[in-house]
$ cat target_32.cif   # mmCIF, C-alpha atoms and all ligand atoms
data_final
loop_
_atom_site.group_PDB
_atom_site.id
_atom_site.type_symbol
_atom_site.label_atom_id
_atom_site.label_comp_id
_atom_site.auth_asym_id
_atom_site.auth_seq_id
_atom_site.Cartn_x
_atom_site.Cartn_y
_atom_site.Cartn_z
ATOM 1 C CA MET A 934 23.360 -15.515 18.132
ATOM 2 C CA ALA A 935 21.693 -16.310 14.821
ATOM 3 C CA LYS A 936 20.575 -19.885 14.264
ATOM 4 C CA LEU A 937 20.989 -21.263 10.761
ATOM 5 C CA LEU A 938 19.779 -24.367 8.957
ATOM 6 C CA ILE A 939 21.709 -25.976 6.110
ATOM 7 C CA ILE A 940 19.836 -28.336 3.797
ATOM 8 C CA GLU A 941 22.413 -30.025 1.557
ATOM 9 C CA ASP A 942 22.803 -33.673 0.566
ATOM 10 C CA GLU A 943 26.518 -33.586 -0.258
ATOM 11 C CA ALA A 944 28.369 -34.227 2.994
ATOM 12 C CA ASP A 945 31.569 -32.373 1.970
ATOM 13 C CA ILE A 946 29.731 -29.203 1.061
ATOM 14 C CA ARG A 947 27.468 -29.446 4.090
ATOM 15 C CA GLU A 948 30.476 -29.687 6.402
ATOM 16 C CA LEU A 949 32.371 -26.935 4.597
ATOM 17 C CA ILE A 950 29.447 -24.559 5.009
ATOM 18 C CA SER A 951 28.738 -25.423 8.619
ATOM 19 C CA PHE A 952 32.422 -25.206 9.560
ATOM 20 C CA ASN A 953 32.717 -21.722 8.101
ATOM 21 C CA LEU A 954 29.501 -20.462 9.638
ATOM 22 C CA GLU A 955 30.369 -21.848 13.062
ATOM 23 C CA MET A 956 33.776 -20.172 12.811
ATOM 24 C CA ASN A 957 31.865 -16.921 12.358
ATOM 25 C CA GLY A 958 29.877 -17.461 15.503
ATOM 26 C CA TYR A 959 26.634 -18.850 14.082
ATOM 27 C CA GLU A 960 24.731 -21.767 15.531
ATOM 28 C CA VAL A 961 24.235 -24.305 12.754
ATOM 29 C CA GLN A 962 21.962 -27.303 12.252
ATOM 30 C CA LYS A 963 22.137 -29.614 9.285
ATOM 31 C CA ALA A 964 19.719 -31.638 7.185
ATOM 32 C CA ARG A 965 20.609 -34.167 4.474
ATOM 33 C CA ASP A 966 17.501 -33.814 2.376
ATOM 34 C CA GLY A 967 14.379 -31.728 1.910
ATOM 35 C CA GLU A 968 12.123 -33.814 4.147
ATOM 36 C CA GLU A 969 14.549 -33.688 7.046
ATOM 37 C CA GLY A 970 15.030 -29.947 6.467
ATOM 38 C CA LEU A 971 11.295 -29.209 6.553
ATOM 39 C CA ASP A 972 10.970 -31.341 9.643
ATOM 40 C CA LEU A 973 13.680 -29.388 11.461
ATOM 41 C CA ALA A 974 12.239 -26.083 10.261
ATOM 42 C CA LYS A 975 8.878 -27.043 11.743
ATOM 43 C CA LYS A 976 10.364 -27.868 15.134
ATOM 44 C CA SER A 977 12.660 -24.915 15.510
ATOM 45 C CA ASP A 978 12.923 -21.234 14.610
ATOM 46 C CA TYR A 979 15.770 -20.374 12.276
ATOM 47 C CA ASP A 980 17.052 -16.957 11.333
ATOM 48 C CA LEU A 981 18.189 -18.094 7.913
ATOM 49 C CA ILE A 982 18.150 -21.218 5.754
ATOM 50 C CA ILE A 983 20.757 -22.300 3.212
ATOM 51 C CA LEU A 984 19.061 -24.596 0.769
ATOM 52 C CA ASP A 985 20.569 -26.700 -1.992
ATOM 53 C CA LEU A 986 18.554 -26.763 -5.206
ATOM 54 C CA MET A 987 19.504 -30.307 -6.278
ATOM 55 C CA LEU A 988 18.364 -32.647 -3.528
ATOM 56 C CA PRO A 989 17.321 -36.302 -3.710
ATOM 57 C CA GLY A 990 13.562 -36.732 -3.420
ATOM 58 C CA MET A 991 11.978 -33.358 -2.772
ATOM 59 C CA ASP A 992 14.101 -30.728 -4.554
ATOM 60 C CA GLY A 993 15.081 -27.330 -3.202
ATOM 61 C CA LEU A 994 12.363 -25.497 -5.123
ATOM 62 C CA LYS A 995 9.655 -27.600 -3.504
ATOM 63 C CA VAL A 996 11.206 -27.190 -0.075
ATOM 64 C CA CYS A 997 11.356 -23.445 -0.608
ATOM 65 C CA SER A 998 7.741 -23.102 -1.693
ATOM 66 C CA GLN A 999 6.614 -25.319 1.210
ATOM 67 C CA LEU A 1000 8.409 -23.017 3.633
ATOM 68 C CA ARG A 1001 6.860 -19.943 2.028
ATOM 69 C CA LYS A 1002 3.365 -21.415 2.418
ATOM 70 C CA ASP A 1003 3.846 -21.688 6.160
ATOM 71 C CA ALA A 1004 2.799 -18.395 7.753
ATOM 72 C CA ASN A 1005 5.465 -18.731 10.445
ATOM 73 C CA LYS A 1006 8.257 -19.470 7.989
ATOM 74 C CA LYS A 1007 7.447 -17.208 5.098
ATOM 75 C CA ASP A 1008 9.777 -14.414 6.168
ATOM 76 C CA ILE A 1009 12.889 -16.481 6.922
ATOM 77 C CA PRO A 1010 15.678 -15.484 4.537
ATOM 78 C CA ILE A 1011 16.556 -18.376 2.237
ATOM 79 C CA ILE A 1012 19.803 -18.569 0.272
ATOM 80 C CA MET A 1013 19.601 -21.106 -2.526
ATOM 81 C CA LEU A 1014 22.655 -23.046 -3.709
ATOM 82 C CA THR A 1015 22.592 -23.820 -7.408
ATOM 83 C CA ALA A 1016 24.986 -26.204 -9.122
ATOM 84 C CA LYS A 1017 24.909 -24.447 -12.451
ATOM 85 C CA SER A 1018 24.911 -20.772 -13.080
ATOM 86 C CA GLU A 1019 22.077 -21.259 -15.534
ATOM 87 C CA ASP A 1020 19.676 -18.365 -15.431
ATOM 88 C CA GLU A 1021 16.682 -20.659 -15.463
ATOM 89 C CA ASP A 1022 17.687 -22.330 -12.182
ATOM 90 C CA ILE A 1023 18.292 -18.986 -10.566
ATOM 91 C CA ILE A 1024 14.994 -17.553 -11.782
ATOM 92 C CA LYS A 1025 13.089 -20.635 -10.608
ATOM 93 C CA GLY A 1026 14.797 -20.390 -7.242
ATOM 94 C CA LEU A 1027 13.899 -16.754 -6.786
ATOM 95 C CA GLU A 1028 10.343 -17.388 -7.976
ATOM 96 C CA SER A 1029 9.903 -20.160 -5.443
ATOM 97 C CA GLY A 1030 10.667 -17.613 -2.731
ATOM 98 C CA ALA A 1031 14.444 -17.657 -2.201
ATOM 99 C CA ASP A 1032 15.958 -14.299 -1.255
ATOM 100 C CA ASP A 1033 19.385 -14.867 -2.710
ATOM 101 C CA TYR A 1034 21.388 -17.541 -4.507
ATOM 102 C CA ILE A 1035 24.979 -18.704 -4.713
ATOM 103 C CA THR A 1036 26.336 -20.795 -7.550
ATOM 104 C CA LYS A 1037 28.610 -23.740 -6.874
ATOM 105 C CA PRO A 1038 31.523 -23.860 -6.584
ATOM 106 C CA PHE A 1039 31.632 -20.902 -4.204
ATOM 107 C CA SER A 1040 34.183 -19.513 -1.816
ATOM 108 C CA PRO A 1041 33.241 -19.883 1.855
ATOM 109 C CA ARG A 1042 34.078 -16.223 2.402
ATOM 110 C CA ILE A 1043 31.493 -15.183 -0.171
ATOM 111 C CA LEU A 1044 28.929 -17.439 1.437
ATOM 112 C CA VAL A 1045 29.548 -15.973 4.886
ATOM 113 C CA ALA A 1046 29.312 -12.449 3.467
ATOM 114 C CA ARG A 1047 25.982 -13.255 1.800
ATOM 115 C CA VAL A 1048 24.649 -14.777 5.003
ATOM 116 C CA LYS A 1049 25.640 -11.688 6.961
ATOM 117 C CA SER A 1050 23.976 -9.337 4.539
ATOM 118 C CA ALA A 1051 20.772 -11.416 4.352
ATOM 119 C CA LEU A 1052 20.541 -11.432 8.160
ATOM 120 C CA ARG A 1053 21.156 -7.698 8.277
ATOM 121 C CA ARG A 1054 18.398 -7.106 5.732
ATOM 122 C CA SER A 1055 15.878 -9.232 7.560
ATOM 123 C CA SER A 1056 16.505 -7.773 11.026
ATOM 124 C CA HIS A 1057 16.260 -4.326 9.455
ATOM 125 C CA ASP A 1058 12.921 -5.241 7.904
ATOM 126 C CA VAL A 1059 11.567 -6.337 11.254
ATOM 127 C CA SER A 1060 12.486 -3.129 13.044
ATOM 128 C CA ASP A 1061 11.214 -0.982 10.170
ATOM 129 C CA HIS A 1062 8.016 -2.878 10.269
ATOM 130 C CA GLU A 1063 7.579 -2.366 13.990
ATOM 131 C CA ALA A 1064 8.266 1.346 13.650
ATOM 132 C CA ASN A 1065 5.494 1.643 11.071
ATOM 133 C CA ARG A 1066 2.907 0.045 13.241
ATOM 134 C CA ILE A 1067 0.467 1.571 15.682
ATOM 135 C CA SER A 1068 -1.506 -0.788 17.918
ATOM 136 C CA ILE A 1069 -4.299 0.689 19.981
ATOM 137 C CA HIS A 1070 -7.574 -0.755 21.272
ATOM 138 C CA ASP A 1071 -8.455 -3.437 18.691
ATOM 139 C CA LEU A 1072 -6.726 -1.562 15.900
ATOM 140 C CA VAL A 1073 -3.456 -2.253 14.160
ATOM 141 C CA ILE A 1074 -2.469 0.511 11.761
ATOM 142 C CA ASP A 1075 0.332 -0.163 9.314
ATOM 143 C CA THR A 1076 1.335 3.311 8.192
ATOM 144 C CA ALA A 1077 3.782 2.090 5.542
ATOM 145 C CA ARG A 1078 1.311 -0.198 3.821
ATOM 146 C CA HIS A 1079 -1.746 1.903 4.505
ATOM 147 C CA GLU A 1080 -3.540 -1.065 5.996
ATOM 148 C CA ILE A 1081 -5.788 -1.218 9.013
ATOM 149 C CA LEU A 1082 -6.901 -4.273 10.916
ATOM 150 C CA LEU A 1083 -9.810 -4.065 13.327
ATOM 151 C CA ALA A 1084 -9.871 -7.088 15.629
ATOM 152 C CA GLY A 1085 -7.830 -8.882 12.967
ATOM 153 C CA GLU A 1086 -10.158 -7.973 10.081
ATOM 154 C CA PRO A 1087 -9.046 -5.507 7.386
ATOM 155 C CA ILE A 1088 -11.114 -2.367 7.002
ATOM 156 C CA ILE A 1089 -10.995 -0.061 4.026
ATOM 157 C CA LEU A 1090 -10.617 3.677 4.573
ATOM 158 C CA SER A 1091 -10.141 6.510 2.112
ATOM 159 C CA ALA A 1092 -6.734 8.215 2.172
ATOM 160 C CA THR A 1093 -8.122 11.127 4.203
ATOM 161 C CA GLU A 1094 -9.914 8.887 6.681
ATOM 162 C CA PHE A 1095 -6.727 6.883 7.043
ATOM 163 C CA GLY A 1096 -4.694 10.025 7.663
ATOM 164 C CA ILE A 1097 -7.059 11.288 10.359
ATOM 165 C CA LEU A 1098 -7.271 7.948 12.143
ATOM 166 C CA GLN A 1099 -3.488 7.550 12.051
ATOM 167 C CA PHE A 1100 -3.011 11.075 13.443
ATOM 168 C CA LEU A 1101 -5.409 10.498 16.339
ATOM 169 C CA ALA A 1102 -4.094 7.002 17.075
ATOM 170 C CA LYS A 1103 -0.523 8.292 17.347
ATOM 171 C CA ASN A 1104 -1.593 10.604 20.151
ATOM 172 C CA PRO A 1105 -4.206 8.781 22.207
ATOM 173 C CA GLY A 1106 -5.865 10.876 24.876
ATOM 174 C CA TRP A 1107 -4.899 14.159 23.219
ATOM 175 C CA VAL A 1108 -7.562 16.465 21.894
ATOM 176 C CA PHE A 1109 -7.061 18.030 18.463
ATOM 177 C CA SER A 1110 -8.948 20.874 16.895
ATOM 178 C CA ARG A 1111 -10.377 20.486 13.426
ATOM 179 C CA ASN A 1112 -7.677 22.858 12.155
ATOM 180 C CA GLN A 1113 -4.899 20.734 13.633
ATOM 181 C CA ILE A 1114 -6.399 17.678 12.000
ATOM 182 C CA ILE A 1115 -6.639 19.532 8.697
ATOM 183 C CA ASP A 1116 -2.982 20.582 8.923
ATOM 184 C CA PHE A 1117 -1.958 16.988 9.352
ATOM 185 C CA VAL A 1118 -3.969 15.408 6.547
ATOM 186 C CA LYS A 1119 -4.247 18.187 4.010
ATOM 187 C CA GLY A 1120 -3.287 17.389 0.487
ATOM 188 C CA GLU A 1121 -3.964 13.681 0.918
ATOM 189 C CA ASP A 1122 -6.716 13.525 -1.671
ATOM 190 C CA TYR A 1123 -8.688 16.767 -1.600
ATOM 191 C CA PRO A 1124 -8.782 20.039 0.335
ATOM 192 C CA VAL A 1125 -10.122 19.444 3.835
ATOM 193 C CA THR A 1126 -12.369 21.985 5.552
ATOM 194 C CA ALA A 1127 -13.510 22.096 9.172
ATOM 195 C CA ARG A 1128 -16.919 20.800 8.155
ATOM 196 C CA SER A 1129 -15.438 17.986 6.138
ATOM 197 C CA VAL A 1130 -13.397 16.831 9.153
ATOM 198 C CA ASP A 1131 -16.749 16.135 10.825
ATOM 199 C CA VAL A 1132 -17.889 14.202 7.786
ATOM 200 C CA GLN A 1133 -14.648 12.206 7.692
ATOM 201 C CA ILE A 1134 -14.898 11.369 11.392
ATOM 202 C CA LEU A 1135 -18.459 10.215 10.840
ATOM 203 C CA GLY A 1136 -17.231 7.979 8.022
ATOM 204 C CA ILE A 1137 -14.429 6.508 10.141
ATOM 205 C CA ARG A 1138 -16.772 5.794 13.052
ATOM 206 C CA LYS A 1139 -19.189 4.054 10.734
ATOM 207 C CA LYS A 1140 -16.417 1.819 9.361
ATOM 208 C CA LEU A 1141 -15.219 1.026 12.872
ATOM 209 C CA GLY A 1142 -18.735 -0.143 13.714
ATOM 210 C CA GLU A 1143 -19.105 -0.943 17.410
ATOM 211 C CA ARG A 1144 -15.620 0.400 18.023
ATOM 212 C CA GLY A 1145 -16.511 3.799 16.531
ATOM 213 C CA ASN A 1146 -16.669 5.152 20.080
ATOM 214 C CA ILE A 1147 -12.872 5.076 20.419
ATOM 215 C CA ILE A 1148 -12.951 8.446 18.636
ATOM 216 C CA GLU A 1149 -14.492 10.912 21.047
ATOM 217 C CA THR A 1150 -16.003 14.284 20.266
ATOM 218 C CA VAL A 1151 -14.756 16.952 22.638
ATOM 219 C CA ARG A 1152 -17.409 19.620 22.575
ATOM 220 C CA GLY A 1153 -16.178 23.022 21.436
ATOM 221 C CA ILE A 1154 -12.669 21.740 20.713
ATOM 222 C CA GLY A 1155 -12.459 18.802 18.363
ATOM 223 C CA TYR A 1156 -11.682 15.107 18.560
ATOM 224 C CA ARG A 1157 -9.494 12.628 20.335
ATOM 225 C CA MET A 1158 -8.723 8.940 20.325
ATOM 226 C CA LYS A 1159 -9.667 7.403 23.662
ATOM 227 C CA GLY A 1160 -6.614 6.498 25.698
ATOM 228 C CA GLU A 1161 -6.173 2.817 26.559
HETATM 229 CA CA CA B 1201 22.915 -31.486 -4.039
#

$ encode --input "target_32.cif" --output "C-alpha cells"
Amino acid sequence: MAKLLIIEDEADIRELISFNLEMNGYEVQKARDGEEGLDLAKKSDYDLIILDLMLPGMDGLKVCSQLRKDANKKDIPIIMLTAKSEDEDIIKGLESGADDYITKPFSPRILVARVKSALRRSSHDVSDHEANRISIHDLVIDTARHEILLAGEPIILSATEFGILQFLAKNPGWVFSRNQIIDFVKGEDYPVTARSVDVQILGIRKKLGERGNIIETVRGIGYRMKGE
C-alpha cells in the first residue's frame, strides 16, 4: 500500500484530501506546515507528497527544493497545490522540483486520479531503471544513460569501449570471439576490426585500472568477463 504525505495548512482541505485518499486505500499522514512536513519526510519513507504552495512560514517552494536536495527524497513524486491558476506559480512550482500541480479549488476525484498516475509513473521509472542496470564485480553499468561507475566512481569510456564492456558484462563467464564482439558493437562510432577489438580491450582495461583483470583473454578464442 502506498504511503502518502499531505502538507497543507488549511484543515478543511487537508481533511478532504486525506479522506478521499484513504477511501482509495492509501495510507495517509498529515502535516500542518512546511517544517512539520520536512520533519515527517525525514523520519519516514513516502511514495508521494502532496504539497500546498501557500504555507505559513516556509512556503511550498522552499519545502519542495529542500526535499529535492536530499539524496533520499529527490525522486519522490510531489504534487503541488496552487491557489491561483497563475502560470507563474505553476512554473515556479515545477522549477522547484514538483512533478505535477493541481489548482484550487479541485475535485477530489481529479486529485485521486493525479495521485494514481504519478505513482504509476514513478514505480515504472524504478523498474525501467533496474532493467537498464548491470552490476558485476565493482562495476555498475547504466545502459540507458551510458554511465559506468567503478567502485562508486564514474569512469569515462568511448562509445565503442562502452559497447564492448556492456556486452561482456551481460554474459559473465562466457567467451566471445572478436567477430562476435564486432557484431555486437559495430556501427557505434566507427568500423571495428578484429585488431581494433584488441586495442579497445586494452583501452578498457587501462581505464578499469586495478580491476582491468576482470576482462580475461582466452587464448585463440577471444575475451570474457570473469564470472563472479
Ligand atoms: Ca495554504

$ resolve_selection --input "target_32.cif" --expression "the PyMOL selection byres (((chain A and resi 1082) around 12) and not hetatm)" --output "VMD selection string"
chain A and resid 1066 to 1076 1078 to 1081 1083 to 1090 1095 1140 to 1141

$ closest_residue --input "target_32.cif" --among "A:Ala1031, A:Ile1009, A:Leu1098, A:Ala964" --to "A:Leu994" --atoms "all atoms listed in the file"
A:Ala1031

$ atom_distance --input "target_32.cif" --atom1 "atom CA of A:Gly1155" --atom2 "atom CA of A:Arg1111"
5.6 Å

$ residues_around --input "target_32.cif" --residues "A:Leu1052" --least-positions-apart "5" --cutoff "8 Å" --atoms "all atoms listed in the file" --output "number ranges by chain"
A: 980-981, 1010

$ residues_near_ligand --input "target_32.cif" --ligand "ligand CA 1201 (chain B)" --cutoff "12 Å" --atoms "all atoms listed in the file" --output "PyMOL selection string"
chain A and resi 939-947+964-967+983-993+1013-1017+1036-1038

$ write_last_selection --input "target_32.cif" --atoms "C-alpha atoms" --output "short mmCIF file (atom, residue, chain, number, x, y, z; two decimals), in the frame of the given file"
data_model
loop_
_atom_site.label_atom_id
_atom_site.label_comp_id
_atom_site.auth_asym_id
_atom_site.auth_seq_id
_atom_site.Cartn_x
_atom_site.Cartn_y
_atom_site.Cartn_z
CA ILE A 939 21.71 -25.98 6.11
CA ILE A 940 19.84 -28.34 3.80
CA GLU A 941 22.41 -30.02 1.56
CA ASP A 942 22.80 -33.67 0.57
CA GLU A 943 26.52 -33.59 -0.26
CA ALA A 944 28.37 -34.23 2.99
CA ASP A 945 31.57 -32.37 1.97
CA ILE A 946 29.73 -29.20 1.06
CA ARG A 947 27.47 -29.45 4.09
CA ALA A 964 19.72 -31.64 7.18
CA ARG A 965 20.61 -34.17 4.47
CA ASP A 966 17.50 -33.81 2.38
CA GLY A 967 14.38 -31.73 1.91
CA ILE A 983 20.76 -22.30 3.21
CA LEU A 984 19.06 -24.60 0.77
CA ASP A 985 20.57 -26.70 -1.99
CA LEU A 986 18.55 -26.76 -5.21
CA MET A 987 19.50 -30.31 -6.28
CA LEU A 988 18.36 -32.65 -3.53
CA PRO A 989 17.32 -36.30 -3.71
CA GLY A 990 13.56 -36.73 -3.42
CA MET A 991 11.98 -33.36 -2.77
CA ASP A 992 14.10 -30.73 -4.55
CA GLY A 993 15.08 -27.33 -3.20
CA MET A 1013 19.60 -21.11 -2.53
CA LEU A 1014 22.66 -23.05 -3.71
CA THR A 1015 22.59 -23.82 -7.41
CA ALA A 1016 24.99 -26.20 -9.12
CA LYS A 1017 24.91 -24.45 -12.45
CA THR A 1036 26.34 -20.80 -7.55
CA LYS A 1037 28.61 -23.74 -6.87
CA PRO A 1038 31.52 -23.86 -6.58
#

$ closest_residue --input "target_32.cif" --among "A:Phe1109, A:Phe1100, A:Tyr1034, A:Tyr979" --to "A:Leu1000" --atoms "all atoms listed in the file"
A:Tyr979

$ resolve_selection --input "target_32.cif" --expression "the PyMOL selection byres (((chain A and resi 1152) around 12) and not hetatm)" --output "list of chain:residue names"
A:Val1108, A:Phe1109, A:Ser1110, A:Arg1111, A:Glu1149, A:Thr1150, A:Val1151, A:Gly1153, A:Ile1154, A:Gly1155, A:Tyr1156, A:Arg1157

$ resolve_selection --input "target_32.cif" --expression "the PyMOL selection byres (((chain A and resi 1048) around 10) and not hetatm)" --output "ChimeraX atom specification"
/A:937,954,981-983,1010-1012,1033,1042-1047,1049-1054

$ atom_distance --input "target_32.cif" --atom1 "atom CA of A:Phe952" --atom2 "atom CA of A:Glu1028"
29.3 Å

$ atom_distance --input "target_32.cif" --atom1 "atom CA of A:Lys1006" --atom2 "atom CA of A:Asp972"
12.3 Å

$ residues_around --input "target_32.cif" --residues "A:Glu960" --least-positions-apart "4" --cutoff "9 Å" --atoms "only C-alpha atoms" --output "list in words"
Met934, Ala935, Lys936, Leu937, Leu938, Ser951, Leu954 and Glu955 of chain A

$ closest_residue --input "target_32.cif" --among "A:Ile1035, A:Glu969, A:Thr1093, A:Leu949" --to "A:Asp1022" --atoms "all atoms listed in the file"
A:Ile1035

$ residues_around --input "target_32.cif" --residues "A:Asn1112" --least-positions-apart "2" --cutoff "9 Å" --atoms "all atoms listed in the file" --output "JSON list (two decimals) with C-alpha atoms, keeping the file's coordinate frame"
[["chain", "number", "residue", "atom", "x", "y", "z"],
["A", 1109, "PHE", "CA", -7.06, 18.03, 18.46],
["A", 1110, "SER", "CA", -8.95, 20.87, 16.90],
["A", 1114, "ILE", "CA", -6.40, 17.68, 12.00],
["A", 1115, "ILE", "CA", -6.64, 19.53, 8.70],
["A", 1116, "ASP", "CA", -2.98, 20.58, 8.92],
["A", 1117, "PHE", "CA", -1.96, 16.99, 9.35],
["A", 1126, "THR", "CA", -12.37, 21.98, 5.55],
["A", 1127, "ALA", "CA", -13.51, 22.10, 9.17],
["A", 1130, "VAL", "CA", -13.40, 16.83, 9.15],
["A", 1155, "GLY", "CA", -12.46, 18.80, 18.36]]

$ closest_residue --input "target_32.cif" --among "A:Ser1029, A:Gln999, A:Ser977, A:Ser1040" --to "A:Ile950" --atoms "only C-alpha atoms"
A:Ser1040

$ residues_around --input "target_32.cif" --residues "A:Ile1134" --least-positions-apart "2" --cutoff "9 Å" --atoms "all atoms listed in the file" --output "ChimeraX atom specification"
/A:1094,1097-1098,1129-1132,1136-1139,1148,1156

$ write_last_selection --input "target_32.cif" --atoms "C-alpha atoms" --output "compact mmCIF listing (two decimals), in the frame of the given file"
# COMPACT_ATOMS: atom_id res chain seq x y z
CA GLU A 1094 -9.91 8.89 6.68
CA ILE A 1097 -7.06 11.29 10.36
CA LEU A 1098 -7.27 7.95 12.14
CA SER A 1129 -15.44 17.99 6.14
CA VAL A 1130 -13.40 16.83 9.15
CA ASP A 1131 -16.75 16.14 10.82
CA VAL A 1132 -17.89 14.20 7.79
CA GLY A 1136 -17.23 7.98 8.02
CA ILE A 1137 -14.43 6.51 10.14
CA ARG A 1138 -16.77 5.79 13.05
CA LYS A 1139 -19.19 4.05 10.73
CA ILE A 1148 -12.95 8.45 18.64
CA TYR A 1156 -11.68 15.11 18.56
